[in-house]
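The structure appears below as structure tokens.
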Number of protein chains: 4
Amino acid sequence: MTTLETDLADLYRGFASERLIPLWTEIGDLMPPEPRSRAQPHLWRWQTLLPLAERAGELVPVGRGGERRAIALANPGLDGAPFATPTLWAAIQYLNPREDAPVHRHTQNAFRFVVEGEGVWTVVDGDPVAMRRGDFLPQAGWHWHGHHNVSDRPMAWIDGLDIPFQHFAGATFFETGPAEVDTREAPDRSRSERLWGHPGLRPLTHLSPTPATPLLAYRWEHTDRALADQLALEAEGVKATVEPGHAAVRYANPTTGDDVLPTIRTEFHRLAPDTATASRREAGSSVYQVFDGAGAITVADRRWTVERGDLFVVPSWQPLTMATDRGLDLFRFSDAPILERLNLHRTREDQP
Amino acid sequence: MTTLETDLADLYRGFASERLIPLWTEIGDLMPPEPRSRAQPHLWRWQTLLPLAERAGELVPVGRGGERRAIALANPGLDGAPFATPTLWAAIQYLNPREDAPVHRHTQNAFRFVVEGEGVWTVVDGDPVAMRRGDFLPQAGWHWHGHHNVSDRPMAWIDGLDIPFQHFAGATFFETGPAEVDTREAPDRSRSERLWGHPGLRPLTHLSPTPATPLLAYRWEHTDRALADQLALEAEGVKATVEPGHAAVRYANPTTGDDVLPTIRTEFHRLAPDTATASRREAGSSVYQVFDGAGAITVADRRWTVERGDLFVVPSWQPLTMATDRGLDLFRFSDAPILERLNLHRTREDQP
Amino acid sequence: MTTLETDLADLYRGFASERLIPLWTEIGDLMPPEPRSRAQPHLWRWQTLLPLAERAGELVPVGRGGERRAIALANPGLDGAPFATPTLWAAIQYLNPREDAPVHRHTQNAFRFVVEGEGVWTVVDGDPVAMRRGDFLPQAGWHWHGHHNVSDRPMAWIDGLDIPFQHFAGATFFETGPAEVDTREAPDRSRSERLWGHPGLRPLTHLSPTPATPLLAYRWEHTDRALADQLALEAEGVKATVEPGHAAVRYANPTTGDDVLPTIRTEFHRLAPDTATASRREAGSSVYQVFDGAGAITVADRRWTVERGDLFVVPSWQPLTMATDRGLDLFRFSDAPILERLNLHRTREDQP
Amino acid sequence: MTTLETDLADLYRGFASERLIPLWTEIGDLMPPEPRSRAQPHLWRWQTLLPLAERAGELVPVGRGGERRAIALANPGLDGAPFATPTLWAAIQYLNPREDAPVHRHTQNAFRFVVEGEGVWTVVDGDPVAMRRGDFLPQAGWHWHGHHNVSDRPMAWIDGLDIPFQHFAGATFFETGPAEVDTREAPDRSRSERLWGHPGLRPLTHLSPTPATPLLAYRWEHTDRALADQLALEAEGVKATVEPGHAAVRYANPTTGDDVLPTIRTEFHRLAPDTATASRREAGSSVYQVFDGAGAITVADRRWTVERGDLFVVPSWQPLTMATDRGLDLFRFSDAPILERLNLHRTREDQP
């Protein structure tokens with residue numbers, strides 16, 4: 001060992017004892033040329049998920065303490081944490097007939113998306129909101145909410161939250177409310193839809209912008225029609241699609257036109273039969289759920305054939321391509337608002 | 001005449017010859033304790049307006065040069081100018097069967113509101129938009145537009161613009177396009193509605209905020225339902241109305257949640273039977289048109305009984321009260337965005 | 001007279017009796033291809049203005065009622081109104097030794113600019129602010145303010161306000177305070193400068209954005225240095241000037257980076273010796289005051305040689321060119337924020 | 001083992017094999033009632049840090065690859081990562097006489113703060129910026145920058161970056177430039193200061209808001225004077241301090257009034273002699289460096305006596321109290337913009 005080596009070893013021991021770490025040994029990992037996500041591309045199949053959720057419905061009660069019968073997707077790259085991506089939580093939640101998920105509130109922003117079934121009401125600040133196939137139900141942070149199943153059948157759906165991000169940032173507050181949802185009402189439309197569900201119309205009683213959407217349900221009939229309209233416009237020669245055969249909408253906060261939640265972007269994509277997308281990268285991570293149809297998904301060097309209910313993760317800056325013969329409907333959520341609001345968002349379309 | 005008087009007379013002559021005017025002789029008019037509008041409260045009756053418009057339809061051709069068969073409300077306080085208020089233009093426009101109003105564009109922001117009839121299409125940047133009773137059709141500045149009547153009947157409607165404001169501010173640009181509208185299409189829904197008419201959904205191809213709304217028609221069925229929903233929510237004990245029995249919506253730009261036009265606010269108000277409003281003042285001026293029902297309107301010391309189609313002006317800071325026995329539906333437009341964006345907006349509710 | 005002529009005459013009489021005016025007879029004036037301002041280009045010479053203000057100082061007391069010994073520039077195109085442009089008020093104000101201009105507040109936004117002299121304090125919400133040559137002193141609407149002259153000499157300066165705009169829009173509120181300013185303090189720096197006058201630093205006690213600047217004095221030493229820096233940078237090859245030899249700064253609200261006042265833009269321009277500007281047009285109107293040097297000004301078909309203190313008006317969309325042999329310093333104010341915030345602002349640089 | 005226990009074990013094995021994790025076993029850690037940061041309160045003493053940096057200066061070259069001779073504070077709660085807090089990087093950087101730190105750019109936002117010494121220039125996009133005691137030098141993401149020491153003495157300073165946040169979010173891009181800084185200029189003021197360093201004045205050539213500040217140096221003389229002004233105003237009875245004896249400024253972007261960097265808030269705090277602060281909590285994490293004086297710091301259950309150069313970490317929601325007999329000047333940086341822009345920011349002042 002040379003003197004320099006000895007001296008360096010001393011120096012590094014000095015660093016370690018004082019809780020110091022040099023940049024020059026770490027910079028390759030810390031500051032790579034392009035984003036490297038620890039999360040991996042990964043697919044979870046609905047036909048595997050649902051039976052496990054049903055089995056949990058038989059064995060595990062839902063109630064105060066555990067709060068929700070929700071089972072989270074744990075990305076294989078994230079050291080065993082129950083996180084789909086570094087910032088996003090995705091889970092299947094399951095409620096048996098006449099069960100209640102107790103009332104609580106938390107700073108985490110959340111939503112529910114329903115790939116099949118109906119019968120559960122989510123009750124937000126006392127407003128019961130029916131959940132049905134194709135509906136998207138945002139749930140902004142720090143609002144009281146519980147769920148109850150008024151039907152004779154169990155129901156499963158997808159929860160998305162920013163739990164990993166808030167866990168990381170130390171931003172989480174949580175409070176419990178009543179153990180049971182205090183309403184058994186099942187109105188056709190929620191109060192929020194009656195106030196906010198009219199296109200381009202704002203109630204004069206609610207004119208201030210709110211950080212998250214006040215509209216608690218984005219119904220399938222509207223989403224479906226918007227996508228059909230885009231494809232029909234495309235056929236008439238009007239610019240209305242992302243690329244040929246690829247219709248898409250973003251769910252928006254009617255008080256600002258911005259994303260429905262401060263930390264989570266949500267979109268619905270429809271690929272017409274015989275459509276293939278360009279390869280695209282985006283800084284930040286996404287989770288997709290197949291709503292209908294079937295197709296082939298490529299994320300970096302992974303390739304899957306997907307069908308209804310399947311969920312997959314696209315890590316930051318991994319190229320994504322989607323293709324379908326018979327058509328493919330996908331729900332998507334991502335952490336894009338986090339990156340955009342902090343001036344860090346980037347996208348790239350790769351040349352074929 | 002004293003020496004001082006003589007000297008002052010000399011001084012004032014000196015001012016005049018140099019195009020100078022002292023503040024101290026003018027301040028009472030220039031800086032009153034509260035807004036004094038030169039405009040006066042005034043009512044125009046639909047049953048008087050419509051026959052004059054019909055007669056103009058018989059006698060006056062529509063075409064390049066005159067551009068529109070539009071007849072403006074001229075407020076009696078505004079020195080013979082064709083202005084409803086200092087900032088706002090309001091006119092009845094009339095189109096005979098198969099007539100065209102030629103294509104042009106201007107910086108003035110505009111809208112149409114239809115109190116009765118149908119059959120005319122307004123074509124904005126090539127997008128034909130049907131006009132029917134109860135519809136509100138915004139028309140942002142500097143977009144090409146013309147109108148054509150495809151039906152066998154004449155049609156009349158209301159135009160609102162910010163002509164007086166832009167005339168005052170020296171902001172007006174104007175260009176002519178083709179003398180005839182280049183489409184005879186009459187689709188059920190305009191392209192803009194197919195892209196933008198889905199509540200809370202934005203096309204992924206159009207994500208930037210725009211200064212005016214991209215939605216070219218706000219249909220009566222939505223407005224009517226939103227107002228009915230507010231009154232029903234009120235009956236259930238939910239805060240949804242401005243005051244008891246008084247439902248109201250603001251037309252909004254879905255890309256921002258803000259007003260549909262940068263200079264003009266538009267609203268629809270519904271008073272349930274046996275409703276009387278509080279007395280309210282607002283800095284800035286408004287024009288109302290009765291859409292349905294009947295009622296009694298008080299503006300400062302003026303009082304009118306109004307019915308379908310009647311138009312009235314509320315000048316700045318004049319107190320307004322509205323009352324109805326059998327119900328009253330009103331369309332309203334105002335210059336509130338001008339005052340709000342310049343930090344000059346004020347309102348006051350007077351104690352009864 | 002033909003039948004048609006007779007019928008038309010009847011129709012127009014009907015319009016008149018119902019206070020209606022057809023668009024087709026007025027459109028040429030109302031909607032010209034480019035802005036036509038009623039205001040005219042006009043010059044007022046300081047050597048004429050100042051003696052008249054001095055004479056007013058001898059003959060006219062200042063006090064409650066008249067409020068200010070201010071003499072307004074009355075544009076020859078504006079029908080005898082005391083308005084420099086349709087939107088802007090410009091006046092010379094004059095205060096004798098030991099006089100007070102009484103305390104009041106109004107919704108009008110205001111500023112003072114000092115072309116020569118010193119000795120007057122403007123007191124804003126109790127904060128005394130010295131006024132000296134080259135200083136720019138904004139005064140946002142609805143703040144209490146008075147002036148007092150603590151020196152043995154009279155002082156004159158320029159006031160700029162949005163009186164014409166607020167008069168037009170019916171937005172004016174006004175309240176009187178004490179007849180005398182309640183402080184004789186004459187500190188070197190105002191409280192506002194001690195809180196806000198440090199570049200890029202905000203007090204932690206004042207973190208919310210305010211619609212107008214909280215900084216009550218923009219001192220000449222800073223303006224002068226900023227302009228000298230721009231010209232020196234230009235000489236070093238760094239992009240720092242509007243065009244060769246033409247340095248310029250905008251006075252900004254440190255809480256937003258935006259204009260100092262919601263309705264008035266203020267700038268200072270410096271032309272180095274032997275500089276000539278391009279010809280430029282802008283929608284909206286401006287007033288310039290020469291601060292130092294001399295030059296030749298062309299506005300549309302008017303041409304003036306100007307020197308210290310001279311004031312001139314540039315109406316909307318009139319081309320402006322400035323040239324100087326020995327250098328020219330100019331203060332400028334305009335109504336650009338009104339047009340910008342309402343999406344109506346346009347500029348054009350004419351090819352030589 | 002009961003049947004239920006067996007069944008549950010089966011279920012959990014099923015979860016594990018499918019990369020699923022139930023919420024109900026994790027919720028206590030994931031969704032605590034109040035933020036729990038893994039980071040710990042921790043203190044690093046300047047008298048320990050500096051000799052280690054000097055020793056690194058003797059043993060470790062600086063150049064391409066390692067890029068910087070920077071030694072990072074590694075919070076004991078963060079599993080050996082070189083991160084001061086979950087979101088923030090803090091390091092001491094050291095440059096020998098005539099050394100260059102090579103040119104590169106990265107999406108990470110950065111700044112330098114100088115607690116002692118001078119002689120190094122940081123060169124940003126070709127603009128050389130001197131670094132001297134008390135200066136704060138922001139460095140927005142994706143701008144080219146290097147450093148060079150033009151003096152005969154070594155110099156050490158503090159770097160702050162959002163490396164941990166961008167590492168977490170997968171947002172990092174990095175590019176290398178020349179290995180040597182291409183200028184040996186040492187101007188008194190940088191170009192950026194000559195363009196942007198004049199209070200309340202914006203160059204007309206640069207009117208668009210930028211996401212980070214264009215001013216590259218916030219000089220000590222201004223910071224010091226602003227703090228002295230606040231304490232003097234407090235003595236005169238004017239509200240200018242956070243609490244008695246506690247002056248503070250936030251470094252601001254002059255184009256927006258907002259934080260200097262999109263992800264990092266920076267402040268300077270001055271406690272007058274014999275001052276003690278209230279106990280405060282804030283969601284999100286901070287790093288402080290003592291600039292001058294001495295005092296006692298309490299963070300949750302930790303208590304330190306601090307002096308010049310010492311650095312300490314305040315994790316999310318940990319209560320902080322500061323007290324001093326002879327006065328204390330502190331520089332602070334935090335991740336507050338991340339939380340604020342995502343609607344997650346909270347503070348609480350604890351009752352004593």
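Scheme for the structure tokens: letters A, B, ... for chains in order shown; per-chain residue numbers from 1; ligand numbers from 1 in order shown.
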
Tell me, as a PyMOL selection string, which residues lie within 12 Å of Asn75 (chain C), counting only C-alpha atoms; anything in the same chain fewer than 5 positions away does not count. (chain B and resi 16+18-21) or (chain C and resi 37-44+80-91+164+285+287+311-315)

Excluding same-chain residues fewer than 3 positions from Ala336 (chain A), what lies within 6 Å of it counting only C-alpha atoms, as a list in words?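 The contact residues come out as Arg265, Leu339 and Glu340 of chain A.
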
What is the distance, in Å and to one decimal place, between CA of Glu282 (chain D) and CA of Ala171 (chain A)?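 Taking CA of Glu282 (chain D) and CA of Ala171 (chain A), their separation equals 9.4 Å.
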
Residues of chain D within 6 Å of chain A, counting only C-alpha atoms, what are they? List them as a list in words.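 Filtering chain D at 6 Å from chain A with only C-alpha atoms gives Arg19, Leu20, Ile21, Pro22, Leu23, Trp24, Pro33, Glu34, Pro35, Arg36, Ser37, Gly66, Ala70, Ile71, Ala72, Leu73, Ala74, Pro82, Gly170, Ala171, Thr172, Phe173, Phe174, Pro262, Ala283, Ser316 and Leu342 of chain D.
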
Could those residues be written to a file, using N, CA and C atoms, as a short mmCIF file (atom, residue, chain, number, x, y, z; two decimals), in the first residue's frame?
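Writing done, so here's selection_13.cif:
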data_model
loop_
_atom_site.label_atom_id
_atom_site.label_comp_id
_atom_site.auth_asym_id
_atom_site.auth_seq_id
_atom_site.Cartn_x
_atom_site.Cartn_y
_atom_site.Cartn_z
N ARG D 19 -45.89 -10.53 -6.06
CA ARG D 19 -45.41 -9.16 -5.79
C ARG D 19 -46.57 -8.25 -5.40
N LEU D 20 -47.26 -8.70 -4.36
CA LEU D 20 -48.36 -7.93 -3.80
C LEU D 20 -48.14 -7.79 -2.30
N ILE D 21 -48.55 -6.67 -1.74
CA ILE D 21 -48.40 -6.44 -0.30
C ILE D 21 -49.68 -5.81 0.20
N PRO D 22 -50.28 -6.41 1.26
CA PRO D 22 -51.54 -5.84 1.76
C PRO D 22 -51.29 -4.50 2.47
N LEU D 23 -52.27 -3.61 2.33
CA LEU D 23 -52.19 -2.33 3.04
C LEU D 23 -52.28 -2.53 4.54
N TRP D 24 -53.14 -3.47 4.97
CA TRP D 24 -53.51 -3.51 6.38
C TRP D 24 -52.35 -3.86 7.29
N PRO D 33 -50.19 9.43 11.78
CA PRO D 33 -51.00 10.62 12.05
C PRO D 33 -50.27 11.91 11.68
N GLU D 34 -48.95 11.93 11.87
CA GLU D 34 -48.15 13.11 11.52
C GLU D 34 -46.91 12.63 10.78
N PRO D 35 -46.27 13.54 10.01
CA PRO D 35 -45.10 13.09 9.25
C PRO D 35 -44.03 12.49 10.15
N ARG D 36 -43.52 11.36 9.70
CA ARG D 36 -42.35 10.74 10.33
C ARG D 36 -41.26 10.72 9.29
N SER D 37 -40.22 11.46 9.55
CA SER D 37 -39.13 11.45 8.60
C SER D 37 -38.12 10.40 9.02
N GLY D 66 -14.97 12.67 -11.66
CA GLY D 66 -15.43 12.99 -10.30
C GLY D 66 -16.13 14.32 -10.27
N ALA D 70 -16.39 17.63 -3.73
CA ALA D 70 -17.50 17.95 -2.83
C ALA D 70 -17.73 16.78 -1.89
N ILE D 71 -17.92 17.09 -0.64
CA ILE D 71 -18.09 16.05 0.39
C ILE D 71 -19.45 16.26 1.03
N ALA D 72 -20.30 15.24 0.90
CA ALA D 72 -21.71 15.41 1.26
C ALA D 72 -22.00 15.01 2.69
N LEU D 73 -22.93 15.70 3.30
CA LEU D 73 -23.44 15.33 4.62
C LEU D 73 -24.41 14.16 4.45
N ALA D 74 -24.14 13.07 5.19
CA ALA D 74 -24.96 11.87 5.06
C ALA D 74 -25.78 11.69 6.33
N PRO D 82 -25.73 9.55 0.61
CA PRO D 82 -25.06 10.84 0.85
C PRO D 82 -26.04 12.01 0.83
N GLY D 170 -36.54 10.05 -10.49
CA GLY D 170 -36.10 9.61 -11.82
C GLY D 170 -36.11 10.74 -12.82
N ALA D 171 -35.65 11.91 -12.41
CA ALA D 171 -35.75 13.10 -13.26
C ALA D 171 -34.41 13.63 -13.74
N THR D 172 -33.32 12.93 -13.44
CA THR D 172 -31.97 13.44 -13.65
C THR D 172 -31.44 13.30 -15.07
N PHE D 173 -31.06 14.42 -15.66
CA PHE D 173 -30.26 14.41 -16.89
C PHE D 173 -28.94 15.13 -16.59
N PHE D 174 -27.88 14.70 -17.27
CA PHE D 174 -26.54 15.24 -16.98
C PHE D 174 -25.72 15.25 -18.27
N PRO D 262 -36.93 26.16 -8.45
CA PRO D 262 -38.24 25.50 -8.42
C PRO D 262 -38.40 24.50 -7.28
N ALA D 283 -43.85 20.95 7.55
CA ALA D 283 -43.78 19.74 6.72
C ALA D 283 -42.70 19.96 5.67
N SER D 316 -38.63 16.74 8.67
CA SER D 316 -40.03 17.14 8.55
C SER D 316 -40.75 17.04 9.89
N LEU D 342 -47.25 21.40 -4.54
CA LEU D 342 -48.07 20.20 -4.60
C LEU D 342 -49.16 20.22 -3.54
#

Please list as a list of chain:residue names every residue within 8 Å of Ala156 (chain A), counting only C-alpha atoms and excluding residues in the same chain fewer than 2 positions away.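 Neighbouring residues, sequence-local ones excluded: A:Leu50, A:Ala53, A:Ile92, A:Gln93, A:Tyr94, A:Leu95, A:Val114, A:Glu116, A:Gly117, A:Pro154, A:Ile158.
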
With C-alpha atoms retained, write the just-selected residues as a PDB file, in the first residue's frame.
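As a result, part-v2.pdb now contains:
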ATOM      1  CA  LEU A  50     -58.764 -10.881  -8.527  1.00  0.00           C
ATOM      2  CA  ALA A  53     -58.478 -10.303  -3.551  1.00  0.00           C
ATOM      3  CA  ILE A  92     -56.844  -3.637  -5.795  1.00  0.00           C
ATOM      4  CA  GLN A  93     -59.486  -2.985  -3.160  1.00  0.00           C
ATOM      5  CA  TYR A  94     -62.276  -5.449  -2.368  1.00  0.00           C
ATOM      6  CA  LEU A  95     -65.514  -5.037  -0.427  1.00  0.00           C
ATOM      7  CA  VAL A 114     -63.540   0.651 -11.819  1.00  0.00           C
ATOM      8  CA  GLU A 116     -65.667  -4.150 -13.595  1.00  0.00           C
ATOM      9  CA  GLY A 117     -68.648  -4.463 -11.329  1.00  0.00           C
ATOM     10  CA  PRO A 154     -68.706  -8.217  -3.736  1.00  0.00           C
ATOM     11  CA  ILE A 158     -58.350  -0.075  -8.331  1.00  0.00           C
TER      12      ILE A 158
END
